[in-house]
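Peer 1: Provided herewith: protein-v3.txt, compact mmCIF, C-alpha atoms and all ligand atoms.
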```txt
# COMPACT_ATOMS: atom_id res chain seq x y z
CA MET A 1 9.00 34.04 -63.85
CA LYS A 2 12.07 31.90 -63.29
CA SER A 3 13.39 34.22 -60.61
CA PHE A 4 9.97 34.14 -58.94
CA ARG A 5 10.18 30.32 -58.76
CA LEU A 6 13.63 30.60 -57.24
CA PHE A 7 12.24 33.07 -54.75
CA LEU A 8 9.49 30.58 -53.79
CA LEU A 9 12.08 27.85 -53.34
CA PHE A 10 14.04 30.19 -51.09
CA LEU A 11 10.92 30.75 -48.98
CA LEU A 12 10.18 27.02 -48.77
CA THR A 13 13.67 25.88 -47.77
CA PRO A 14 13.30 26.46 -44.03
CA VAL A 15 9.89 24.71 -44.16
CA LEU A 16 11.47 21.66 -45.82
CA ALA A 17 14.25 21.65 -43.21
CA CYS A 18 11.61 21.52 -40.48
CA VAL A 19 9.86 18.57 -42.12
CA GLY A 20 13.23 16.80 -42.26
CA ALA A 21 13.57 17.18 -38.49
CA GLU A 22 10.25 15.48 -37.77
CA LYS A 23 10.36 13.46 -34.56
CA ILE A 24 10.94 9.71 -34.66
CA ARG A 25 7.75 7.89 -33.68
CA VAL A 26 8.34 5.22 -31.03
CA SER A 27 5.77 2.84 -29.51
CA THR A 28 6.70 0.87 -26.38
CA PHE A 29 4.96 -1.95 -24.53
CA SER A 30 6.88 -1.57 -21.27
CA SER A 31 6.76 1.41 -18.91
CA VAL A 32 10.49 0.85 -18.26
CA LEU A 33 11.30 1.05 -21.99
CA THR A 34 9.13 4.17 -22.31
CA GLU A 35 11.49 5.94 -19.89
CA VAL A 36 14.58 4.57 -21.65
CA ALA A 37 13.33 5.71 -25.08
CA GLN A 38 12.48 9.19 -23.78
CA GLN A 39 15.84 9.56 -22.05
CA VAL A 40 17.89 8.42 -25.07
CA GLY A 41 15.74 10.07 -27.74
CA GLY A 42 15.19 13.36 -25.92
CA ASP A 43 13.28 15.88 -28.02
CA ARG A 44 14.07 13.96 -31.22
CA VAL A 45 11.48 11.28 -30.40
CA GLU A 46 7.73 11.09 -29.82
CA VAL A 47 7.22 8.12 -27.50
CA ILE A 48 3.85 6.44 -26.96
CA GLY A 49 3.84 4.14 -23.92
CA HIS A 50 1.01 1.68 -24.53
CA VAL A 51 1.40 -0.16 -21.21
CA LYS A 52 0.90 2.57 -18.63
CA PRO A 53 2.73 2.78 -15.29
CA GLY A 54 0.75 1.02 -12.57
CA SER A 55 -1.00 -1.35 -15.02
CA ASP A 56 -0.39 -5.08 -15.41
CA PRO A 57 1.63 -5.99 -18.53
CA HIS A 58 0.69 -9.68 -18.16
CA ASP A 59 -2.99 -8.87 -18.78
CA PHE A 60 -2.48 -6.21 -21.46
CA GLU A 61 -4.22 -6.61 -24.83
CA PRO A 62 -3.74 -3.96 -27.55
CA LYS A 63 -6.88 -2.02 -28.48
CA PRO A 64 -7.56 -0.83 -32.06
CA SER A 65 -6.17 2.60 -31.08
CA ASP A 66 -2.90 0.96 -29.93
CA LEU A 67 -2.63 -0.91 -33.24
CA ARG A 68 -3.22 2.32 -35.21
CA ALA A 69 -0.35 3.98 -33.33
CA VAL A 70 1.87 0.93 -33.95
CA ALA A 71 1.03 1.09 -37.67
CA ASN A 72 2.33 4.66 -37.63
CA ALA A 73 5.45 3.97 -35.51
CA GLN A 74 8.99 3.78 -36.87
CA LEU A 75 10.27 1.84 -33.87
CA VAL A 76 8.33 -0.57 -31.63
CA LEU A 77 10.00 -1.66 -28.38
CA LEU A 78 8.94 -4.85 -26.60
CA SER A 79 9.89 -6.22 -23.17
CA ALA A 80 10.02 -9.61 -24.91
CA LYS A 81 10.94 -12.85 -23.08
CA HIS A 82 7.36 -13.94 -23.91
CA MET A 83 5.72 -10.99 -22.16
CA GLU A 84 3.80 -9.80 -25.24
CA GLY A 85 1.58 -12.72 -26.21
CA TYR A 86 -0.05 -10.39 -28.76
CA VAL A 87 3.13 -9.77 -30.78
CA GLY A 88 1.49 -11.28 -33.89
CA LYS A 89 -1.09 -8.48 -33.89
CA LEU A 90 1.70 -5.88 -33.70
CA GLU A 91 3.59 -7.50 -36.57
CA GLU A 92 0.43 -7.43 -38.65
CA ALA A 93 -0.13 -3.75 -37.76
CA THR A 94 3.39 -2.56 -38.63
CA GLY A 95 3.65 -4.46 -41.90
CA THR A 96 7.04 -3.48 -43.27
CA LYS A 97 6.92 0.16 -42.13
CA GLY A 98 8.22 -0.01 -38.58
CA VAL A 99 10.92 -2.10 -36.96
CA ILE A 100 9.95 -4.23 -33.93
CA ILE A 101 12.76 -4.76 -31.42
CA HIS A 102 12.47 -7.61 -28.92
CA VAL A 103 14.66 -5.82 -26.37
CA GLY A 104 14.64 -8.40 -23.55
CA ASP A 105 15.50 -11.24 -25.92
CA GLN A 106 18.89 -9.65 -26.56
CA PHE A 107 20.23 -10.52 -23.10
CA PRO A 108 20.32 -13.78 -21.10
CA SER A 109 17.21 -15.17 -19.41
CA LEU A 110 16.71 -16.66 -15.99
CA LYS A 111 14.68 -19.84 -16.02
CA LEU A 112 11.77 -20.13 -13.67
CA SER A 113 11.42 -23.33 -11.68
CA VAL A 114 7.83 -22.68 -10.55
CA GLN A 115 5.09 -22.82 -13.16
CA HIS A 116 1.35 -22.57 -12.72
CA GLY A 117 0.08 -22.92 -16.24
CA ASP A 118 0.58 -19.29 -17.25
CA HIS A 119 1.52 -19.77 -20.90
CA SER A 120 2.75 -16.22 -21.44
CA HIS A 121 5.84 -16.85 -19.28
CA ASP A 122 6.90 -20.10 -20.91
CA GLY A 123 9.45 -20.92 -18.21
CA GLU A 124 11.52 -17.84 -19.00
CA ASP A 125 11.49 -15.11 -16.36
CA PRO A 126 10.31 -11.94 -18.15
CA HIS A 127 11.02 -9.50 -15.28
CA TRP A 128 14.50 -8.47 -16.50
CA TRP A 129 14.16 -4.79 -15.45
CA HIS A 130 14.81 -5.63 -11.77
CA SER A 131 18.48 -5.78 -12.74
CA ILE A 132 19.93 -2.32 -13.42
CA ARG A 133 22.58 -4.01 -15.54
CA ASN A 134 19.79 -5.18 -17.86
CA ILE A 135 18.32 -1.66 -18.06
CA ALA A 136 21.77 -0.44 -19.10
CA ARG A 137 21.83 -3.12 -21.82
CA ALA A 138 18.38 -1.99 -22.97
CA THR A 139 19.60 1.63 -23.09
CA LYS A 140 22.42 0.69 -25.49
CA ILE A 141 20.03 -1.33 -27.68
CA VAL A 142 17.58 1.60 -27.92
CA ARG A 143 20.45 4.03 -28.65
CA ASP A 144 21.73 1.86 -31.51
CA GLU A 145 18.24 1.45 -33.02
CA LEU A 146 17.59 5.21 -32.91
CA VAL A 147 20.96 5.90 -34.56
CA LYS A 148 20.03 3.46 -37.35
CA LEU A 149 16.77 5.35 -37.90
CA SER A 150 18.39 8.79 -37.82
CA PRO A 151 22.18 8.68 -38.33
CA SER A 152 22.36 12.49 -38.34
CA ASP A 153 21.29 12.47 -34.65
CA LYS A 154 24.03 10.05 -33.63
CA THR A 155 25.90 12.61 -31.50
CA THR A 156 22.72 13.55 -29.61
CA PHE A 157 21.61 9.97 -28.96
CA THR A 158 25.10 8.90 -27.90
CA ALA A 159 25.42 11.81 -25.46
CA ASN A 160 21.91 11.26 -24.05
CA ALA A 161 22.59 7.54 -23.58
CA SER A 162 25.93 8.20 -21.85
CA GLY A 163 24.30 10.63 -19.43
CA TYR A 164 21.52 8.17 -18.68
CA LEU A 165 23.94 5.23 -18.24
CA ALA A 166 25.88 7.32 -15.69
CA LYS A 167 22.61 7.89 -13.77
CA LEU A 168 21.89 4.15 -13.81
CA GLU A 169 25.37 3.43 -12.48
CA LYS A 170 24.76 5.84 -9.60
CA LEU A 171 21.43 4.18 -8.88
CA ASP A 172 23.08 0.74 -8.87
CA ALA A 173 25.65 1.99 -6.36
CA TRP A 174 22.82 3.28 -4.15
CA VAL A 175 21.01 -0.10 -4.32
CA LYS A 176 24.21 -1.95 -3.39
CA SER A 177 24.89 0.29 -0.40
CA LYS A 178 21.27 0.02 0.79
CA VAL A 179 21.27 -3.79 0.43
CA ALA A 180 24.59 -3.92 2.31
CA GLU A 181 22.63 -2.84 5.42
CA LEU A 182 21.19 -6.39 5.42
CA PRO A 183 23.43 -9.32 6.38
CA ARG A 184 23.39 -12.15 3.80
CA ASP A 185 21.31 -14.50 5.99
CA LYS A 186 18.49 -11.92 6.12
CA ARG A 187 18.25 -11.51 2.35
CA LYS A 188 15.17 -13.72 1.87
CA LEU A 189 12.42 -12.37 -0.30
CA VAL A 190 8.89 -13.82 -0.03
CA THR A 191 6.36 -12.39 -2.52
CA ASN A 192 3.14 -13.65 -4.10
CA HIS A 193 4.49 -13.42 -7.65
CA ASP A 194 7.82 -14.74 -8.90
CA ALA A 195 9.09 -11.42 -10.25
CA PHE A 196 12.33 -10.77 -8.40
CA GLY A 197 14.67 -13.44 -9.78
CA TYR A 198 16.94 -10.97 -11.60
CA PHE A 199 16.96 -8.69 -8.55
CA ALA A 200 17.84 -11.64 -6.28
CA ARG A 201 20.71 -12.76 -8.49
CA GLU A 202 22.13 -9.25 -8.78
CA TYR A 203 21.97 -8.42 -5.07
CA ASN A 204 22.41 -11.86 -3.46
CA PHE A 205 18.88 -12.56 -2.21
CA THR A 206 17.05 -15.89 -2.02
CA VAL A 207 13.52 -15.71 -3.45
CA MET A 208 10.65 -17.75 -2.04
CA PRO A 209 7.70 -17.09 -4.35
CA ILE A 210 4.29 -18.29 -3.25
CA ALA A 211 1.95 -18.47 -6.19
CA GLY A 212 4.36 -19.05 -9.03
CA LEU A 213 4.23 -16.88 -12.09
CA SER A 214 0.82 -15.31 -12.27
CA LYS A 215 -0.51 -12.94 -9.69
CA ASN A 216 -3.99 -14.26 -10.39
CA ASN A 217 -2.95 -17.80 -9.51
CA GLN A 218 -3.70 -18.11 -5.84
CA PRO A 219 -2.19 -21.08 -4.03
CA GLY A 220 -4.41 -23.80 -2.57
CA SER A 221 -4.50 -24.43 1.17
CA LYS A 222 -1.98 -27.31 0.95
CA LYS A 223 0.48 -25.10 -0.90
CA THR A 224 -0.13 -22.26 1.56
CA ALA A 225 0.63 -24.61 4.49
CA GLU A 226 3.86 -25.73 2.79
CA VAL A 227 4.91 -22.14 2.23
CA ILE A 228 4.17 -21.25 5.85
CA GLN A 229 6.38 -24.16 6.98
CA ALA A 230 9.23 -23.11 4.67
CA ILE A 231 9.06 -19.48 5.81
CA LYS A 232 9.09 -20.48 9.49
CA ALA A 233 12.05 -22.80 8.86
CA ALA A 234 13.95 -20.03 7.04
CA GLY A 235 13.27 -17.53 9.83
CA VAL A 236 11.95 -14.88 7.44
CA LYS A 237 11.11 -11.64 9.20
CA ALA A 238 8.77 -10.05 6.62
CA VAL A 239 6.78 -10.97 3.51
CA PHE A 240 5.75 -8.69 0.63
CA SER A 241 2.89 -8.10 -1.75
CA GLU A 242 2.60 -6.10 -4.97
CA ASP A 243 0.87 -2.90 -5.97
CA VAL A 244 -1.30 -4.52 -8.60
CA ALA A 245 -2.02 -7.76 -6.74
CA ASN A 246 -4.52 -8.71 -4.09
CA PRO A 247 -2.51 -8.84 -0.84
CA LYS A 248 -4.99 -11.22 0.89
CA VAL A 249 -2.95 -14.43 0.49
CA ILE A 250 0.30 -12.83 1.56
CA GLN A 251 -1.40 -11.36 4.62
CA GLU A 252 -2.76 -14.81 5.51
CA ILE A 253 0.76 -16.19 5.19
CA ALA A 254 2.10 -13.38 7.35
CA ARG A 255 -0.42 -14.31 10.06
CA GLY A 256 0.44 -18.03 9.78
CA THR A 257 4.18 -17.50 10.09
CA GLY A 258 4.33 -14.63 12.52
CA ALA A 259 6.35 -12.72 9.91
CA LYS A 260 5.22 -9.14 9.42
CA PHE A 261 3.62 -7.80 6.25
CA GLY A 262 6.48 -5.75 4.82
CA GLY A 263 4.46 -3.73 2.31
CA SER A 264 3.84 -3.87 -1.43
CA LEU A 265 6.49 -3.90 -4.15
CA LEU A 266 6.41 -2.77 -7.78
CA SER A 267 7.01 -5.97 -9.72
CA ASP A 268 5.68 -5.42 -13.24
CA GLY A 269 6.96 -2.01 -14.20
CA LEU A 270 6.81 1.57 -13.05
CA GLY A 271 4.20 2.84 -10.59
CA ASN A 272 2.50 6.19 -10.15
CA GLY A 273 3.63 9.48 -8.59
CA ASP A 274 7.19 9.39 -7.29
CA ARG A 275 7.33 5.66 -8.14
CA GLY A 276 6.75 6.48 -11.80
CA THR A 277 10.42 6.47 -12.76
CA ILE A 278 13.01 3.69 -12.82
CA GLU A 279 14.87 5.42 -10.00
CA GLY A 280 11.62 5.82 -8.03
CA MET A 281 10.75 2.13 -8.55
CA PHE A 282 14.14 0.95 -7.23
CA LYS A 283 14.13 3.38 -4.30
CA HIS A 284 10.65 2.20 -3.30
CA ASN A 285 11.32 -1.54 -3.72
CA VAL A 286 14.78 -1.64 -2.16
CA GLY A 287 13.83 0.73 0.67
CA THR A 288 10.71 -1.34 1.48
CA ILE A 289 12.59 -4.68 1.36
CA VAL A 290 15.62 -3.62 3.38
CA ASP A 291 13.70 -1.68 6.04
CA ALA A 292 11.26 -4.57 6.64
CA LEU A 293 13.90 -7.33 6.80
CA LYS A 294 16.42 -5.45 8.97
ZN ZN B 1 5.06 -10.15 -13.55
```
Could you take the file, read its structure, and then write that structure out as structure tokens?

Peer 2:
Amino acid sequence: MKSFRLFLLFLLTPVLACVGAEKIRVSTFSSVLTEVAQQVGGDRVEVIGHVKPGSDPHDFEPKPSDLRAVANAQLVLLSAKHMEGYVGKLEEATGTKGVIIHVGDQFPSLKLSVQHGDHSHDGEDPHWWHSIRNIARATKIVRDELVKLSPSDKTTFTANASGYLAKLEKLDAWVKSKVAELPRDKRKLVTNHDAFGYFAREYNFTVMPIAGLSKNNQPGSKKTAEVIQAIKAAGVKAVFSEDVANPKVIQEIARGTGAKFGGSLLSDGLGNGDRGTIEGMFKHNVGTIVDALK
């Protein structure tokens, strides 16, 4: 009988080993962080991206199904910088089981000078992912959190993160060389949503936002006239809209200034198709901006 029990144990050992290698469950509320978590975690993680590429993170509200997934997650990654106004609901859902990481709060914020009563922004620019340096910071934060959750995978996570950081460095070099096609006095970025502050600081642009923080806040006619004057005075060649915003106002401004409509940019996270990766987002945005302003 005893030897039979030992035999059973022998049969069960590989099964137990498999259970031990169960994937780490990660929930993210940023399409950018979804990519980062997948790249660093590789096949050791199961990542659920609650805010889908092409959707608006400012308007997102978690559904009961999102909260159930969060309750089951070991790691919850937030954009932070006041983007997730619903963070209280997530904290309630996780209880003490999962760890919530406010990724964006771990690096410095740009202040926003324009405010139009959108409480979720709170004067702190949440759009940190338009700086590749910030995405690299986020990558290291995610790596360290995954290592804490599964120390035995440290070698894997460290190697994955290093490989991904090298890719980001290459992308940053591409952005710099593309932007270098534009002389400094042509680096003026007019959009209908103040989302490119980190991008502007990193690559020496001046931003001239029209509607302030929220894409749903359309400027009044007085404001529009002021913006048209400022754009004319600055000699801006092209103005831009966003994928998830109504381009009507920006087109009106283009008509009023004689500047051309340069196309739409991805401001609030990844897009769809070949714009559905961080590299694709930067190639689209930087290509659109530089080609229209040249
Ligand atoms: Zn935004």

Peer 1: Any idea what the distance is between atom CA of A:Ala69 and atom CA of A:Gly271?

Peer 2: 23.2 Å

Peer 1: Pick from A:Asp291, A:Asp56, A:Asp66, A:Asp105: nearest to ligand ZN 1 (chain B), with all atoms listed in the file counted?

Peer 2: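 Checking each candidate against ligand ZN 1 (chain B), we get A:Asp56 as the closest.
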
Peer 1: Counting only C-alpha atoms, what is within 8 Å of A:Gln39, bar same-chain residues fewer than 4 positions away, as number ranges by chain?

Peer 2: A: 35, 160-161, 164

Peer 1: For each of A:Phe240, A:Phe29, A:Trp174, A:Tyr198, take the minimum atom-to-atom distance to A:Glu124, counting only C-alpha atoms, then give the residue where this is smallest.

Peer 2: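 Of A:Phe240, A:Phe29, A:Trp174, A:Tyr198, the one nearest A:Glu124 is A:Tyr198, counting only C-alpha atoms.
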
Peer 1: Tell me, in Å to one decimal, how far atom CA of A:Arg275 is from atom CA of A:Ile100.

Peer 2: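 That distance, rounded to one decimal, is 27.7 Å.
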
Peer 1: I'd like the interatomic distance between atom CA of A:Phe199 and atom CA of A:His130, to a tenth of an Å.

Peer 2: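 Separating atom CA of A:Phe199 from atom CA of A:His130 is a distance of 4.9 Å.
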
Peer 1: Show which residues sit within 12 Å of A:Thr155, as JSON, numbers by chain. Count all atoms listed in the file, and ignore same-chain residues fewer than 5 positions away.

Peer 2: {"A": [40, 41, 44, 143, 144, 146, 147, 150, 160, 161, 162]}

Peer 1: Which one is closest to A:Lys52: A:Ala93, A:Gly163, A:Gly276, A:Gly256? Count only C-alpha atoms.

Peer 2: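 Smallest separation from A:Lys52 among the options: A:Gly276.
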
Peer 1: Can you pull out every residue within 10 Å of A:Met281, counting all atoms listed in the file, but drop anything in the same chain fewer than 6 positions away, and send it as an MDAnalysis selection string?

Peer 2: chainID A and resid 32 130 265:267 269:272 274:275 287

Peer 1: Would you mind putting N, CA and C atoms back on stretch 191-210 of chain A and writing the result as a CSV table (one decimal), in the coordinates of the input?

Peer 2:
```csv
chain,number,residue,atom,x,y,z
A,191,THR,N,7.4,-13.2,-1.9
A,191,THR,CA,6.4,-12.4,-2.5
A,191,THR,C,5.3,-13.3,-3.1
A,192,ASN,N,4.2,-12.8,-3.5
A,192,ASN,CA,3.1,-13.6,-4.1
A,192,ASN,C,3.2,-13.8,-5.6
A,193,HIS,N,4.3,-13.4,-6.2
A,193,HIS,CA,4.5,-13.4,-7.6
A,193,HIS,C,6.0,-13.5,-7.9
A,194,ASP,N,6.4,-14.5,-8.7
A,194,ASP,CA,7.8,-14.7,-8.9
A,194,ASP,C,8.5,-13.7,-9.8
A,195,ALA,N,8.7,-12.5,-9.4
A,195,ALA,CA,9.1,-11.4,-10.2
A,195,ALA,C,10.5,-10.9,-9.9
A,196,PHE,N,11.1,-11.4,-8.9
A,196,PHE,CA,12.3,-10.8,-8.4
A,196,PHE,C,13.6,-11.6,-8.6
A,197,GLY,N,13.5,-12.6,-9.5
A,197,GLY,CA,14.7,-13.4,-9.8
A,197,GLY,C,15.9,-12.7,-10.2
A,198,TYR,N,15.8,-11.7,-11.1
A,198,TYR,CA,16.9,-11.0,-11.6
A,198,TYR,C,17.5,-10.1,-10.5
A,199,PHE,N,16.6,-9.5,-9.7
A,199,PHE,CA,17.0,-8.7,-8.6
A,199,PHE,C,17.7,-9.5,-7.6
A,200,ALA,N,17.2,-10.7,-7.3
A,200,ALA,CA,17.8,-11.6,-6.3
A,200,ALA,C,19.2,-12.0,-6.7
A,201,ARG,N,19.4,-12.3,-8.0
A,201,ARG,CA,20.7,-12.8,-8.5
A,201,ARG,C,21.7,-11.6,-8.4
A,202,GLU,N,21.2,-10.4,-8.7
A,202,GLU,CA,22.1,-9.2,-8.8
A,202,GLU,C,22.6,-8.8,-7.4
A,203,TYR,N,21.7,-9.0,-6.4
A,203,TYR,CA,22.0,-8.4,-5.1
A,203,TYR,C,22.0,-9.5,-4.0
A,204,ASN,N,22.2,-10.7,-4.4
A,204,ASN,CA,22.4,-11.9,-3.5
A,204,ASN,C,21.3,-12.1,-2.5
A,205,PHE,N,20.0,-12.2,-3.0
A,205,PHE,CA,18.9,-12.6,-2.2
A,205,PHE,C,18.5,-14.0,-2.6
A,206,THR,N,17.7,-14.6,-1.7
A,206,THR,CA,17.0,-15.9,-2.0
A,206,THR,C,15.6,-15.6,-2.2
A,207,VAL,N,15.0,-16.0,-3.3
A,207,VAL,CA,13.5,-15.7,-3.4
A,207,VAL,C,12.7,-16.9,-3.1
A,208,MET,N,11.6,-16.7,-2.4
A,208,MET,CA,10.6,-17.8,-2.0
A,208,MET,C,9.3,-17.3,-2.5
A,209,PRO,N,9.0,-17.5,-3.8
A,209,PRO,CA,7.7,-17.1,-4.4
A,209,PRO,C,6.6,-18.0,-3.9
A,210,ILE,N,5.4,-17.5,-3.8
A,210,ILE,CA,4.3,-18.3,-3.2
A,210,ILE,C,3.4,-18.8,-4.3
```
